[in-house]
file data25.tsv (TSV, C-alpha atoms)
chain	number	residue	atom	x	y	z
A	6	MET	CA	67.12	69.42	26.08
A	7	ARG	CA	64.13	67.61	27.58
A	8	VAL	CA	60.61	68.05	26.17
A	9	LEU	CA	57.38	66.72	27.66
A	10	MET	CA	54.36	66.13	25.42
A	11	VAL	CA	51.35	66.61	27.69
A	12	THR	CA	48.11	65.23	26.28
A	13	PRO	CA	44.70	64.15	27.61
A	14	THR	CA	44.64	61.11	25.27
A	15	TYR	CA	47.13	58.63	23.89
A	16	TYR	CA	47.25	54.93	23.06
A	17	PRO	CA	45.37	52.61	23.63
A	18	LEU	CA	42.93	55.17	22.20
A	19	VAL	CA	43.57	55.51	18.47
A	20	GLY	CA	43.00	58.70	16.49
A	21	GLY	CA	44.73	61.49	14.63
A	22	ILE	CA	45.96	63.30	17.75
A	23	GLU	CA	47.35	60.15	19.34
A	24	THR	CA	49.10	59.15	16.13
A	25	PHE	CA	50.60	62.63	15.67
A	26	ILE	CA	52.00	62.65	19.23
A	27	ASP	CA	53.42	59.13	18.95
A	28	THR	CA	55.03	59.79	15.56
A	29	ILE	CA	56.58	63.16	16.40
A	30	THR	CA	57.85	61.96	19.81
A	31	LYS	CA	59.69	59.08	18.14
A	32	LYS	CA	61.16	61.37	15.48
A	33	LEU	CA	62.32	63.93	18.05
A	34	ASN	CA	64.17	61.23	19.97
A	35	GLU	CA	65.78	60.01	16.76
A	36	ILE	CA	67.34	63.45	16.19
A	37	GLY	CA	68.55	63.81	19.79
A	38	VAL	CA	65.71	65.68	21.50
A	39	ASN	CA	64.82	63.84	24.71
A	40	ALA	CA	61.02	63.80	24.44
A	41	ASP	CA	58.57	61.93	26.68
A	42	ILE	CA	54.77	61.77	26.93
A	43	MET	CA	52.47	62.54	29.88
A	44	VAL	CA	48.86	61.37	29.60
A	45	PHE	CA	45.88	60.56	31.79
A	46	SER	CA	45.74	56.86	32.61
A	47	ARG	CA	42.75	55.28	30.81
A	48	ASN	CA	41.34	51.94	29.81
A	49	SER	CA	40.69	50.94	26.19
A	50	PHE	CA	37.23	52.55	26.35
A	51	GLY	CA	38.68	55.92	27.33
A	52	GLN	CA	37.57	55.82	30.98
A	53	PRO	CA	40.09	57.35	33.44
A	54	LEU	CA	41.89	55.06	35.87
A	55	TRP	CA	43.14	55.87	39.38
A	56	ALA	CA	46.28	53.88	38.69
A	57	GLY	CA	49.34	55.06	36.85
A	58	GLY	CA	53.07	54.81	36.55
A	59	ILE	CA	55.97	55.38	34.18
A	60	GLU	CA	56.45	53.09	31.21
A	61	ASP	CA	59.74	52.97	29.33
A	62	THR	CA	59.20	51.98	25.69
A	63	GLY	CA	62.91	51.90	24.90
A	64	GLU	CA	62.49	55.03	22.76
A	65	PHE	CA	60.83	57.33	25.29
A	66	LYS	CA	58.90	57.31	28.58
A	67	ILE	CA	55.13	57.42	28.97
A	68	ILE	CA	54.01	58.96	32.26
A	69	ARG	CA	50.45	57.73	32.89
A	70	VAL	CA	48.75	60.02	35.40
A	71	PRO	CA	46.08	58.51	37.70
A	72	ALA	CA	42.85	60.41	37.14
A	73	MET	CA	39.11	60.44	37.73
A	74	LYS	CA	36.30	62.46	36.23
A	75	VAL	CA	35.62	65.86	37.80
A	76	PRO	CA	32.94	65.91	40.51
A	77	GLU	CA	29.40	66.28	39.20
A	78	VAL	CA	26.67	68.21	41.02
A	79	HIS	CA	23.02	67.21	40.56
A	80	LEU	CA	20.62	70.11	41.05
A	81	LEU	CA	16.91	70.20	40.16
A	82	GLY	CA	17.32	67.13	38.02
A	83	LYS	CA	20.23	68.58	36.07
A	84	GLU	CA	23.85	67.46	36.00
A	85	ILE	CA	26.21	70.40	36.57
A	86	THR	CA	29.96	70.21	36.03
A	87	PRO	CA	31.30	73.71	36.75
A	88	PHE	CA	34.95	72.78	36.18
A	89	LYS	CA	34.15	71.57	32.69
A	90	ALA	CA	31.70	74.37	31.92
A	91	TYR	CA	34.06	77.20	32.86
A	92	LEU	CA	37.59	75.78	32.82
A	93	GLN	CA	37.35	72.93	30.28
A	94	MET	CA	38.67	70.60	32.99
A	95	SER	CA	37.17	67.13	32.66
A	96	TYR	CA	39.42	65.18	35.02
A	97	THR	CA	40.99	65.28	38.48
A	98	PRO	CA	44.56	63.91	38.24
A	99	LYS	CA	46.82	62.85	41.08
A	100	LEU	CA	48.62	66.10	41.83
A	101	SER	CA	51.97	64.52	42.76
A	102	TYR	CA	52.45	63.69	39.07
A	103	ILE	CA	52.28	67.38	38.13
A	104	LYS	CA	55.60	67.89	39.91
A	105	LEU	CA	57.26	65.61	37.35
A	106	THR	CA	56.86	68.35	34.74
A	107	LYS	CA	59.65	70.25	36.53
A	108	ASN	CA	62.11	67.69	35.14
A	109	TYR	CA	61.62	69.03	31.62
A	110	ASP	CA	62.86	72.16	29.84
A	111	ILE	CA	59.85	72.60	27.51
A	112	LEU	CA	56.19	71.67	28.13
A	113	HIS	CA	54.30	71.00	24.89
A	114	PHE	CA	50.56	70.69	25.60
A	115	HIS	CA	48.13	69.10	23.12
A	116	ASP	CA	44.38	69.11	22.43
A	117	GLU	CA	42.06	71.94	23.46
A	118	ASP	CA	39.25	69.47	24.23
A	119	ASP	CA	40.60	69.29	27.80
A	120	LEU	CA	42.62	71.96	29.62
A	121	THR	CA	43.11	70.17	32.95
A	122	MET	CA	46.89	69.87	32.71
A	123	PRO	CA	47.52	73.41	31.40
A	124	PHE	CA	45.57	74.86	34.35
A	125	LEU	CA	47.20	72.66	36.98
A	126	SER	CA	50.67	73.24	35.49
A	127	PHE	CA	50.27	77.00	35.59
A	128	PRO	CA	52.67	77.45	38.57
A	129	ILE	CA	55.42	75.46	36.81
A	130	LYS	CA	57.77	78.06	35.35
A	131	ARG	CA	58.85	76.45	32.10
A	132	PRO	CA	58.46	77.61	28.49
A	133	LYS	CA	55.11	76.31	27.30
A	134	ILE	CA	53.50	75.61	23.93
A	135	PHE	CA	49.87	74.79	23.24
A	136	HIS	CA	48.99	72.67	20.20
A	137	PHE	CA	45.41	72.97	18.85
A	138	HIS	CA	44.40	69.82	16.98
A	139	THR	CA	40.61	70.10	16.57
A	140	LEU	CA	40.05	73.84	16.24
A	141	LEU	CA	37.45	73.48	13.47
A	142	PHE	CA	35.28	71.68	16.03
A	143	SER	CA	36.32	73.35	19.29
A	144	LEU	CA	36.39	77.05	18.41
A	145	PRO	CA	32.63	77.68	18.87
A	146	TYR	CA	32.93	76.30	22.41
A	147	LEU	CA	36.07	78.27	23.24
A	148	LYS	CA	34.29	81.46	22.13
A	149	LYS	CA	31.36	80.98	24.53
A	150	ARG	CA	30.96	83.63	27.22
A	151	GLU	CA	31.55	81.23	30.10
A	152	LYS	CA	34.93	80.17	28.64
A	153	PHE	CA	36.58	83.56	29.20
A	154	ILE	CA	39.06	82.08	31.72
A	155	CYS	CA	40.08	79.44	29.15
A	156	ARG	CA	40.69	82.15	26.56
A	157	LEU	CA	42.75	84.11	29.07
A	158	LEU	CA	44.87	81.04	29.83
A	159	LEU	CA	45.48	80.36	26.13
A	160	ARG	CA	46.42	84.00	25.43
A	161	LYS	CA	48.68	84.63	28.41
A	162	THR	CA	50.39	81.35	29.32
A	163	PHE	CA	51.95	80.02	26.13
A	164	ALA	CA	54.98	81.24	24.23
A	165	TYR	CA	53.53	79.78	21.04
A	166	SER	CA	50.25	78.32	19.88
A	167	MET	CA	50.36	75.69	17.13
A	168	VAL	CA	47.73	74.77	14.54
A	169	ASN	CA	47.68	72.36	11.59
A	170	SER	CA	46.66	74.73	8.77
A	171	GLU	CA	46.68	78.35	7.67
A	172	TYR	CA	42.89	78.42	7.96
A	173	CYS	CA	43.11	77.45	11.64
A	174	ARG	CA	45.78	80.11	12.12
A	175	LYS	CA	43.28	82.65	10.84
A	176	LEU	CA	40.51	81.30	13.10
A	177	LEU	CA	42.64	81.27	16.23
A	178	GLY	CA	43.09	85.01	16.07
A	179	SER	CA	39.39	85.38	16.88
A	180	ILE	CA	40.03	84.51	20.54
A	181	GLY	CA	42.75	87.12	20.86
A	182	ILE	CA	45.97	85.18	20.25
A	183	PRO	CA	48.41	87.38	18.26
A	184	ARG	CA	49.19	86.06	14.77
A	185	GLU	CA	52.96	86.24	15.32
A	186	ARG	CA	52.64	83.74	18.17
A	187	ILE	CA	50.69	81.22	16.07
A	188	LEU	CA	52.78	78.65	14.20
A	189	VAL	CA	51.54	76.22	11.54
A	190	ILE	CA	52.81	72.71	12.24
A	191	PRO	CA	51.25	70.26	9.77
A	192	ASN	CA	50.15	66.72	10.42
A	193	VAL	CA	53.08	64.33	10.14
A	194	ILE	CA	53.48	61.06	8.27
A	195	ASP	CA	56.25	58.57	9.00
A	196	LEU	CA	57.29	57.79	5.44
A	197	ASN	CA	59.33	54.82	6.62
A	198	LYS	CA	56.06	53.14	7.66
A	199	TYR	CA	53.77	54.49	4.95
A	200	THR	CA	55.65	53.21	1.93
A	201	CYS	CA	54.55	52.58	-1.63
A	202	SER	CA	57.40	51.68	-3.95
A	203	LYS	CA	54.91	51.35	-6.82
A	204	PRO	CA	51.95	53.65	-6.10
A	205	GLU	CA	49.56	52.23	-8.62
A	206	TYR	CA	46.00	51.05	-9.06
A	207	VAL	CA	45.25	47.90	-7.04
A	208	SER	CA	42.45	45.45	-7.76
A	209	SER	CA	41.79	42.28	-5.76
A	210	GLN	CA	39.95	39.56	-7.68
A	211	ASN	CA	38.19	42.31	-9.66
A	212	ILE	CA	36.40	43.48	-6.50
A	213	LYS	CA	36.60	47.25	-6.14
A	214	LYS	CA	37.27	48.19	-2.52
A	215	ILE	CA	36.29	51.60	-1.15
A	216	LEU	CA	37.53	52.44	2.35
A	217	TYR	CA	35.97	55.07	4.60
A	218	MET	CA	38.00	55.60	7.77
A	219	SER	CA	37.05	57.81	10.71
A	220	ARG	CA	36.24	57.90	14.39
A	221	LEU	CA	32.54	56.94	14.65
A	222	SER	CA	31.43	60.00	16.61
A	223	PHE	CA	28.34	62.20	16.45
A	224	GLU	CA	29.80	64.94	14.24
A	225	LYS	CA	30.92	62.34	11.68
A	226	LEU	CA	27.54	60.64	11.33
A	227	PRO	CA	26.19	62.66	8.36
A	228	ALA	CA	29.28	61.78	6.28
A	229	ILE	CA	29.23	58.12	7.35
A	230	GLU	CA	25.51	57.79	6.56
A	231	ASN	CA	25.90	59.23	3.07
A	232	VAL	CA	28.88	57.00	2.26
A	233	ILE	CA	26.92	53.94	3.38
A	234	MET	CA	23.84	54.95	1.37
A	235	SER	CA	25.99	55.49	-1.73
A	236	ALA	CA	26.18	51.69	-1.96
A	237	GLN	CA	22.62	51.68	-3.29
A	238	VAL	CA	23.65	54.01	-6.13
A	239	LEU	CA	26.91	52.23	-6.91
A	240	TYR	CA	25.74	48.65	-6.78
A	241	GLY	CA	23.61	48.92	-9.92
A	242	GLN	CA	26.62	50.07	-11.96
A	243	MET	CA	29.35	48.09	-10.24
A	244	PRO	CA	28.08	44.95	-8.50
A	245	ARG	CA	31.59	43.66	-7.66
A	246	LEU	CA	32.08	46.28	-4.98
A	247	GLU	CA	32.85	46.50	-1.26
A	248	ILE	CA	32.54	49.55	0.97
A	249	LEU	CA	34.62	49.16	4.13
A	250	ILE	CA	33.93	51.33	7.21
A	251	ALA	CA	36.90	51.37	9.58
A	252	GLY	CA	36.92	52.99	12.99
A	253	THR	CA	35.25	52.83	16.35
A	254	GLY	CA	33.45	55.17	18.71
A	255	ALA	CA	30.17	55.82	20.48
A	256	TYR	CA	28.13	55.26	17.32
A	257	TYR	CA	29.66	51.96	16.24
A	258	SER	CA	26.46	49.97	16.90
A	259	TYR	CA	24.33	52.52	15.05
A	260	VAL	CA	26.64	52.46	12.01
A	261	LYS	CA	26.73	48.65	11.99
A	262	LYS	CA	22.92	48.41	12.07
A	263	MET	CA	22.60	50.92	9.26
A	264	ALA	CA	25.06	48.95	7.13
A	265	GLU	CA	23.16	45.73	7.81
A	266	LYS	CA	19.92	47.42	6.72
A	267	ILE	CA	21.41	48.51	3.38
A	268	ASN	CA	22.99	45.08	2.82
A	269	LYS	CA	19.58	43.49	3.37
A	270	LYS	CA	18.03	45.80	0.77
A	271	LEU	CA	20.73	44.88	-1.74
A	272	ASP	CA	20.59	41.20	-0.74
A	273	LYS	CA	24.38	41.18	-0.60
A	274	ASN	CA	27.09	41.96	1.96
A	275	VAL	CA	28.37	45.08	0.18
A	276	ILE	CA	29.12	47.18	3.27
A	277	LYS	CA	31.45	45.83	5.95
A	278	VAL	CA	31.92	47.63	9.29
A	279	LEU	CA	35.37	46.63	10.52
A	280	GLY	CA	35.55	48.38	13.89
A	281	LYS	CA	38.79	49.32	15.58
A	282	ILE	CA	41.93	49.09	13.44
A	283	ASP	CA	45.44	49.35	14.91
A	284	GLU	CA	48.30	51.15	13.15
A	285	ASP	CA	49.80	48.17	11.33
A	286	GLU	CA	46.37	46.87	10.28
A	287	LYS	CA	45.48	50.34	9.02
A	288	ILE	CA	48.44	50.52	6.65
A	289	ALA	CA	47.73	47.03	5.29
A	290	LEU	CA	44.03	47.82	4.91
A	291	MET	CA	44.62	51.09	3.07
A	292	SER	CA	47.14	49.40	0.80
A	293	SER	CA	44.60	46.76	-0.19
A	294	CYS	CA	41.90	49.26	-1.21
A	295	ASP	CA	41.33	51.07	-4.49
A	296	ILE	CA	40.01	54.37	-3.10
A	297	VAL	CA	40.09	55.95	0.36
A	298	ILE	CA	37.45	58.38	1.63
A	299	GLY	CA	38.03	60.53	4.70
A	300	ALA	CA	39.38	63.80	6.07
A	301	SER	CA	42.50	65.32	7.56
A	302	ARG	CA	45.12	62.75	8.61
A	303	VAL	CA	43.38	59.83	6.87
A	304	VAL	CA	43.75	61.70	3.57
A	305	LEU	CA	47.49	62.18	4.07
A	306	GLU	CA	48.07	58.57	5.08
A	307	ALA	CA	46.25	57.33	1.98
A	308	MET	CA	48.18	59.73	-0.26
A	309	ALA	CA	51.45	58.50	1.27
A	310	LEU	CA	50.43	55.00	0.19
A	311	GLY	CA	49.75	56.18	-3.34
A	312	LYS	CA	45.97	55.95	-3.13
A	313	PRO	CA	43.47	58.28	-4.81
A	314	VAL	CA	41.42	60.04	-2.13
A	315	ILE	CA	37.98	61.62	-1.83
A	316	VAL	CA	37.67	64.23	0.93
A	317	THR	CA	34.57	64.51	3.08
A	318	GLY	CA	34.16	66.93	5.96
A	319	ASP	CA	31.71	68.73	8.21
A	320	ARG	CA	30.69	72.39	8.09
A	321	ILE	CA	31.08	72.71	11.84
A	322	LEU	CA	31.54	76.47	12.08
A	323	GLU	CA	28.29	77.32	10.34
A	324	LYS	CA	24.76	77.18	11.76
A	325	ASN	CA	24.10	73.74	10.31
A	326	SER	CA	26.57	70.95	10.94
A	327	THR	CA	26.15	69.10	7.66
A	328	ALA	CA	28.41	66.72	5.80
A	329	VAL	CA	30.22	68.24	2.84
A	330	LEU	CA	32.05	66.86	-0.16
A	331	GLY	CA	35.44	68.36	-0.91
A	332	GLY	CA	35.92	65.93	-3.78
A	333	ILE	CA	38.87	64.13	-5.30
A	334	VAL	CA	42.34	65.33	-4.27
A	335	THR	CA	43.95	66.62	-7.48
A	336	LYS	CA	46.88	68.85	-8.43
A	337	GLU	CA	44.45	71.66	-9.20
A	338	LYS	CA	42.77	71.54	-5.79
A	339	ILE	CA	45.72	70.61	-3.58
A	340	ASP	CA	46.46	74.14	-2.32
A	341	GLU	CA	42.87	74.61	-1.19
A	342	PHE	CA	42.82	71.27	0.56
A	343	LYS	CA	46.08	72.07	2.33
A	344	TYR	CA	44.72	75.46	3.49
A	345	TYR	CA	41.75	73.72	5.13
A	346	ASN	CA	43.78	70.75	6.47
A	347	PHE	CA	42.09	68.39	3.99
A	348	GLN	CA	38.63	68.90	5.49
A	349	TYR	CA	37.01	70.64	2.49
A	350	THR	CA	37.65	73.46	-0.01
A	351	ASN	CA	36.14	76.84	-0.85
A	352	HIS	CA	33.97	75.08	-3.41
A	353	HIS	CA	32.67	72.17	-1.35
A	354	ILE	CA	29.07	71.03	-1.74
A	355	ASP	CA	26.65	69.19	0.53
A	356	LEU	CA	27.42	65.49	0.61
A	357	THR	CA	24.76	63.18	-0.81
A	358	PRO	CA	24.80	59.47	-1.69
A	359	GLU	CA	24.59	60.43	-5.37
A	360	ASN	CA	27.51	62.83	-5.51
A	361	VAL	CA	29.87	60.65	-3.46
A	362	ALA	CA	28.97	57.75	-5.79
A	363	ASN	CA	29.73	59.95	-8.82
A	364	GLU	CA	33.19	60.78	-7.46
A	365	ILE	CA	33.89	57.10	-6.85
A	366	LEU	CA	32.81	56.19	-10.39
A	367	LYS	CA	34.99	58.93	-11.91
A	368	LEU	CA	37.97	57.15	-10.41
A	369	LEU	CA	37.04	53.52	-10.90
A	370	ASN	CA	36.28	54.11	-14.58
A	371	ASP	CA	39.76	55.51	-15.27
A	372	GLU	CA	42.65	53.40	-14.01
A	373	GLU	CA	45.32	55.65	-15.51
A	374	TYR	CA	43.84	58.66	-13.73
A	375	MET	CA	43.91	56.76	-10.43
A	376	LYS	CA	47.56	55.86	-10.94
A	377	GLU	CA	48.44	59.47	-11.79
A	378	LEU	CA	46.69	60.79	-8.66
A	379	GLY	CA	48.40	58.18	-6.49
A	380	GLU	CA	51.87	59.12	-7.72
A	381	PHE	CA	51.17	62.83	-7.25
A	382	GLY	CA	49.81	62.28	-3.72
A	383	ARG	CA	52.88	60.38	-2.56
A	384	LYS	CA	55.27	63.06	-3.84
A	385	PHE	CA	53.20	65.81	-2.21
A	386	VAL	CA	53.25	64.13	1.21
A	387	GLU	CA	57.00	63.51	0.92
A	388	LYS	CA	57.52	67.22	0.35
A	389	GLU	CA	55.01	68.78	2.76
A	390	TYR	CA	54.20	66.30	5.57
A	391	ASN	CA	57.42	64.37	6.15
A	392	ALA	CA	57.69	63.64	9.89
A	393	ASP	CA	61.50	63.93	9.82
A	394	LYS	CA	61.32	67.50	8.45
A	395	VAL	CA	58.65	68.56	10.94
A	396	ALA	CA	60.66	67.14	13.86
A	397	LYS	CA	63.64	69.29	12.86
A	398	LYS	CA	61.39	72.33	12.63
A	399	LEU	CA	60.10	71.68	16.15
A	400	GLU	CA	63.65	71.22	17.43
A	401	LYS	CA	64.53	74.74	16.25
A	402	ILE	CA	61.44	76.15	17.97
A	403	TYR	CA	62.33	74.40	21.24
A	404	GLU	CA	65.90	75.68	21.02
A	405	SER	CA	64.66	79.26	20.60
A	406	LEU	CA	62.76	78.91	23.91
A	407	HIS	CA	65.48	77.01	25.78
A	408	GLN	CA	68.05	79.72	26.42
call {"tool": "encode", "arguments": {"input": "data25.tsv", "output": "C-alpha cells"}}
result
Amino acid sequence: MRVLMVTPTYYPLVGGIETFIDTITKKLNEIGVNADIMVFSRNSFGQPLWAGGIEDTGEFKIIRVPAMKVPEVHLLGKEITPFKAYLQMSYTPKLSYIKLTKNYDILHFHDEDDLTMPFLSFPIKRPKIFHFHTLLFSLPYLKKREKFICRLLLRKTFAYSMVNSEYCRKLLGSIGIPRERILVIPNVIDLNKYTCSKPEYVSSQNIKKILYMSRLSFEKLPAIENVIMSAQVLYGQMPRLEILIAGTGAYYSYVKKMAEKINKKLDKNVIKVLGKIDEDEKIALMSSCDIVIGASRVVLEAMALGKPVIVTGDRILEKNSTAVLGGIVTKEKIDEFKYYNFQYTNHHIDLTPENVANEILKLLNDEEYMKELGEFGRKFVEKEYNADKVAKKLEKIYESLHQ
C-alpha cells in the first residue's frame, strides 16, 4: 500500500504541522506502509520556488513541487487575489507534478490554510483524507460566506476528515461534515527521540531557566508579550533567572526589541531571544530548562522530556483574540487540556504578566512538585501520544479504504 502525504509546508520550515508529518511518515514506513511526502518547493523563508524534484531520504521520498504565488490583481489601489479569497488557493504549482499522485493508493492531505492541492487533485480518483491541523484558528475563515466552495470540497471529496482533539471534532461539524466521518488523530511524539530516563528537576548553576517556545506570528504576540513582561515581576523574587524565547517568524525583530527593552529596565540580560531552533537543538534546549511554557505540540514534547509545563493559548474563536492562561498541566486538569489539544481549559483566564509569574513561582518554589509533574507527564504521553501507536491506527484506516 502506497500513501502520499500532501502538504503545503514541510522542512526547511519548522513547526508543529511539519514535525507531525515528518514523524508519522517515518513511523508508517517502519511498520511497512510505503509513505512519501509531496510539498510545495520553498526556500528557508517560506517563499515558493519554481524549481523542484524528488529527494530520496533513504526512509521515504520527498516530492518538491515547483510553485509560485497565485496571480494578484490590483484594482483601485487594492490587491485582489480571487483564488485565495474564494478557493483558499495561495499557489500555482507545476501541473505535471499532480499526475504523480496517481502512483499512490491513498492521498492524505494536510493543513486547511491552503487548499491548492486538494482542488487540483480533484480529478484523481483515489481515496482521500483531509487532516485539519489549525482548526481553532482557521474555522472562522472557513465559515465565511465567500468560502462556500471550500466547504463543499471538504464535505464531498474526502472519505475522512481528521482533527487533533475532541473539541475540534465538535467544531468541524459546524461546516457540515458528518460526525461519523471525523476521526480524532492526536499529535504524535517519537518517544525514541524524546527520552528522559530520569524525569526530574534540573537546575544549572542555580540559574532557573524558563523556556517559551512558539512560532513568532501575529496571533501569538499577546502571549509572548505577557511572558516577556513577567520577567519584571519575577526578577525581584528570583534574580538568578533566565527566560528563553525560542522560535522564529514574521515578528522576530519585534519580539527581540521588546526583550531588549525589558532587559535594559532590569539592567540585566534576563530575557534571551534564541530564534530558529532545529529538532535536535530543541530537544537539548528543553532538557536543559526547568519549566516550559507553550501550547499544543510544545506541551507534549516538554511532557515527554519530563518537564513541568504551563499552557498558554489564544481565544481565537471569540470576538477578542486575547492571550489566555490554561495554567500548570496537572493530573486534575489533564482531561480538559487533552479535550482542547493543550491550548486552554474550560476555566482559563486572561493571561497577564502577574499570573504567569505566579504559576512559575508555584513550580520553582516546590522541587518535589516539579518532579512529580514531570514523571506524570512522561507517562501520559507514552500512553496517549506515542507515535508508534498512532501510526498503527492510521494503517488500519488506510487499509479500510484500500479495498
call {"tool": "residues_near_point", "arguments": {"input": "data25.tsv", "point": "(51.0, 57.7, 36.9)", "cutoff": "8 Å", "atoms": "only C-alpha atoms", "output": "count of residues only"}}
result
12
call {"tool": "closest_residue", "arguments": {"input": "data25.tsv", "among": "A:Trp55, A:Phe114, A:Tyr199, A:Tyr257", "to": "A:Glu387", "atoms": "all atoms listed in the file"}}
result
A:Tyr199
call {"tool": "residues_around", "arguments": {"input": "data25.tsv", "residues": "A:Val11", "least_positions_apart": "2", "cutoff": "8 Å", "atoms": "all atoms listed in the file", "output": "ChimeraX atom specification"}}
result
/A:9,13,42-44,112-115,122
call {"tool": "write_last_selection", "arguments": {"input": "data25.tsv", "atoms": "C-alpha atoms", "output": "compact mmCIF listing (two decimals), in the coordinates of the input"}}
result
# COMPACT_ATOMS: atom_id res chain seq x y z
CA LEU A 9 57.38 66.72 27.66
CA PRO A 13 44.70 64.15 27.61
CA ILE A 42 54.77 61.77 26.93
CA MET A 43 52.47 62.54 29.88
CA VAL A 44 48.86 61.37 29.60
CA LEU A 112 56.19 71.67 28.13
CA HIS A 113 54.30 71.00 24.89
CA PHE A 114 50.56 70.69 25.60
CA HIS A 115 48.13 69.10 23.12
CA MET A 122 46.89 69.87 32.71
call {"tool": "residues_around", "arguments": {"input": "data25.tsv", "residues": "A:Asn351", "least_positions_apart": "6", "cutoff": "10 Å", "atoms": "only C-alpha atoms", "output": "list in words"}}
result
Gly331, Lys338, Glu341, Phe342, Tyr344 and Tyr345 of chain A
call {"tool": "atom_distance", "arguments": {"input": "data25.tsv", "atom1": "atom CA of A:Ile22", "atom2": "atom CA of A:Leu399"}}
result
16.5 Å
call {"tool": "atom_distance", "arguments": {"input": "data25.tsv", "atom1": "atom CA of A:Met6", "atom2": "atom CA of A:Lys133"}}
result
13.9 Å
call {"tool": "atom_distance", "arguments": {"input": "data25.tsv", "atom1": "atom CA of A:Leu279", "atom2": "atom CA of A:Gly252"}}
result
7.0 Å
call {"tool": "build_atoms", "arguments": {"input": "data25.tsv", "residues": "stretch 278-284 of chain A", "atoms": "all heavy atoms", "output": "PDB file, in the coordinates of the input"}}
result
ATOM      1  N   VAL A 278      31.486  46.744   8.203  1.00  0.00           N
ATOM      2  CA  VAL A 278      31.920  47.630   9.290  1.00  0.00           C
ATOM      3  C   VAL A 278      32.988  46.875  10.074  1.00  0.00           C
ATOM      4  O   VAL A 278      32.711  45.865  10.722  1.00  0.00           O
ATOM      5  CB  VAL A 278      30.729  48.028  10.174  1.00  0.00           C
ATOM      6  CG1 VAL A 278      31.193  48.971  11.282  1.00  0.00           C
ATOM      7  CG2 VAL A 278      29.637  48.694   9.338  1.00  0.00           C
ATOM      8  N   LEU A 279      34.217  47.371  10.012  1.00  0.00           N
ATOM      9  CA  LEU A 279      35.370  46.630  10.520  1.00  0.00           C
ATOM     10  C   LEU A 279      35.703  46.907  11.972  1.00  0.00           C
ATOM     11  O   LEU A 279      36.400  46.128  12.614  1.00  0.00           O
ATOM     12  CB  LEU A 279      36.603  46.941   9.654  1.00  0.00           C
ATOM     13  CG  LEU A 279      36.444  46.710   8.150  1.00  0.00           C
ATOM     14  CD1 LEU A 279      37.725  47.097   7.425  1.00  0.00           C
ATOM     15  CD2 LEU A 279      36.079  45.272   7.849  1.00  0.00           C
ATOM     16  N   GLY A 280      35.236  48.042  12.500  1.00  0.00           N
ATOM     17  CA  GLY A 280      35.550  48.380  13.890  1.00  0.00           C
ATOM     18  C   GLY A 280      36.938  48.944  14.059  1.00  0.00           C
ATOM     19  O   GLY A 280      37.518  49.515  13.139  1.00  0.00           O
ATOM     20  N   LYS A 281      37.499  48.745  15.242  1.00  0.00           N
ATOM     21  CA  LYS A 281      38.790  49.320  15.580  1.00  0.00           C
ATOM     22  C   LYS A 281      39.916  48.682  14.780  1.00  0.00           C
ATOM     23  O   LYS A 281      39.989  47.468  14.638  1.00  0.00           O
ATOM     24  CB  LYS A 281      39.069  49.137  17.079  1.00  0.00           C
ATOM     25  CG  LYS A 281      40.355  49.803  17.563  1.00  0.00           C
ATOM     26  CD  LYS A 281      40.521  49.613  19.065  1.00  0.00           C
ATOM     27  CE  LYS A 281      41.805  50.236  19.564  1.00  0.00           C
ATOM     28  NZ  LYS A 281      41.991  50.055  21.032  1.00  0.00           N
ATOM     29  N   ILE A 282      40.792  49.528  14.243  1.00  0.00           N
ATOM     30  CA  ILE A 282      41.930  49.090  13.440  1.00  0.00           C
ATOM     31  C   ILE A 282      43.203  49.663  14.054  1.00  0.00           C
ATOM     32  O   ILE A 282      43.301  50.870  14.264  1.00  0.00           O
ATOM     33  CB  ILE A 282      41.803  49.578  11.980  1.00  0.00           C
ATOM     34  CG1 ILE A 282      40.491  49.106  11.349  1.00  0.00           C
ATOM     35  CG2 ILE A 282      42.990  49.130  11.147  1.00  0.00           C
ATOM     36  CD1 ILE A 282      40.386  47.627  11.145  1.00  0.00           C
ATOM     37  N   ASP A 283      44.188  48.813  14.358  1.00  0.00           N
ATOM     38  CA  ASP A 283      45.440  49.350  14.910  1.00  0.00           C
ATOM     39  C   ASP A 283      46.333  49.859  13.773  1.00  0.00           C
ATOM     40  O   ASP A 283      45.999  49.738  12.589  1.00  0.00           O
ATOM     41  CB  ASP A 283      46.160  48.320  15.784  1.00  0.00           C
ATOM     42  CG  ASP A 283      46.697  47.120  15.009  1.00  0.00           C
ATOM     43  OD1 ASP A 283      46.958  47.245  13.793  1.00  0.00           O
ATOM     44  OD2 ASP A 283      46.871  46.052  15.629  1.00  0.00           O
ATOM     45  N   GLU A 284      47.462  50.438  14.127  1.00  0.00           N
ATOM     46  CA  GLU A 284      48.300  51.150  13.150  1.00  0.00           C
ATOM     47  C   GLU A 284      48.783  50.238  12.024  1.00  0.00           C
ATOM     48  O   GLU A 284      48.681  50.586  10.848  1.00  0.00           O
ATOM     49  CB  GLU A 284      49.500  51.771  13.872  1.00  0.00           C
ATOM     50  CG  GLU A 284      50.374  52.643  12.996  1.00  0.00           C
ATOM     51  CD  GLU A 284      49.745  53.977  12.614  1.00  0.00           C
ATOM     52  OE1 GLU A 284      48.668  54.308  13.160  1.00  0.00           O
ATOM     53  OE2 GLU A 284      50.326  54.684  11.778  1.00  0.00           O
TER      54      GLU A 284
END
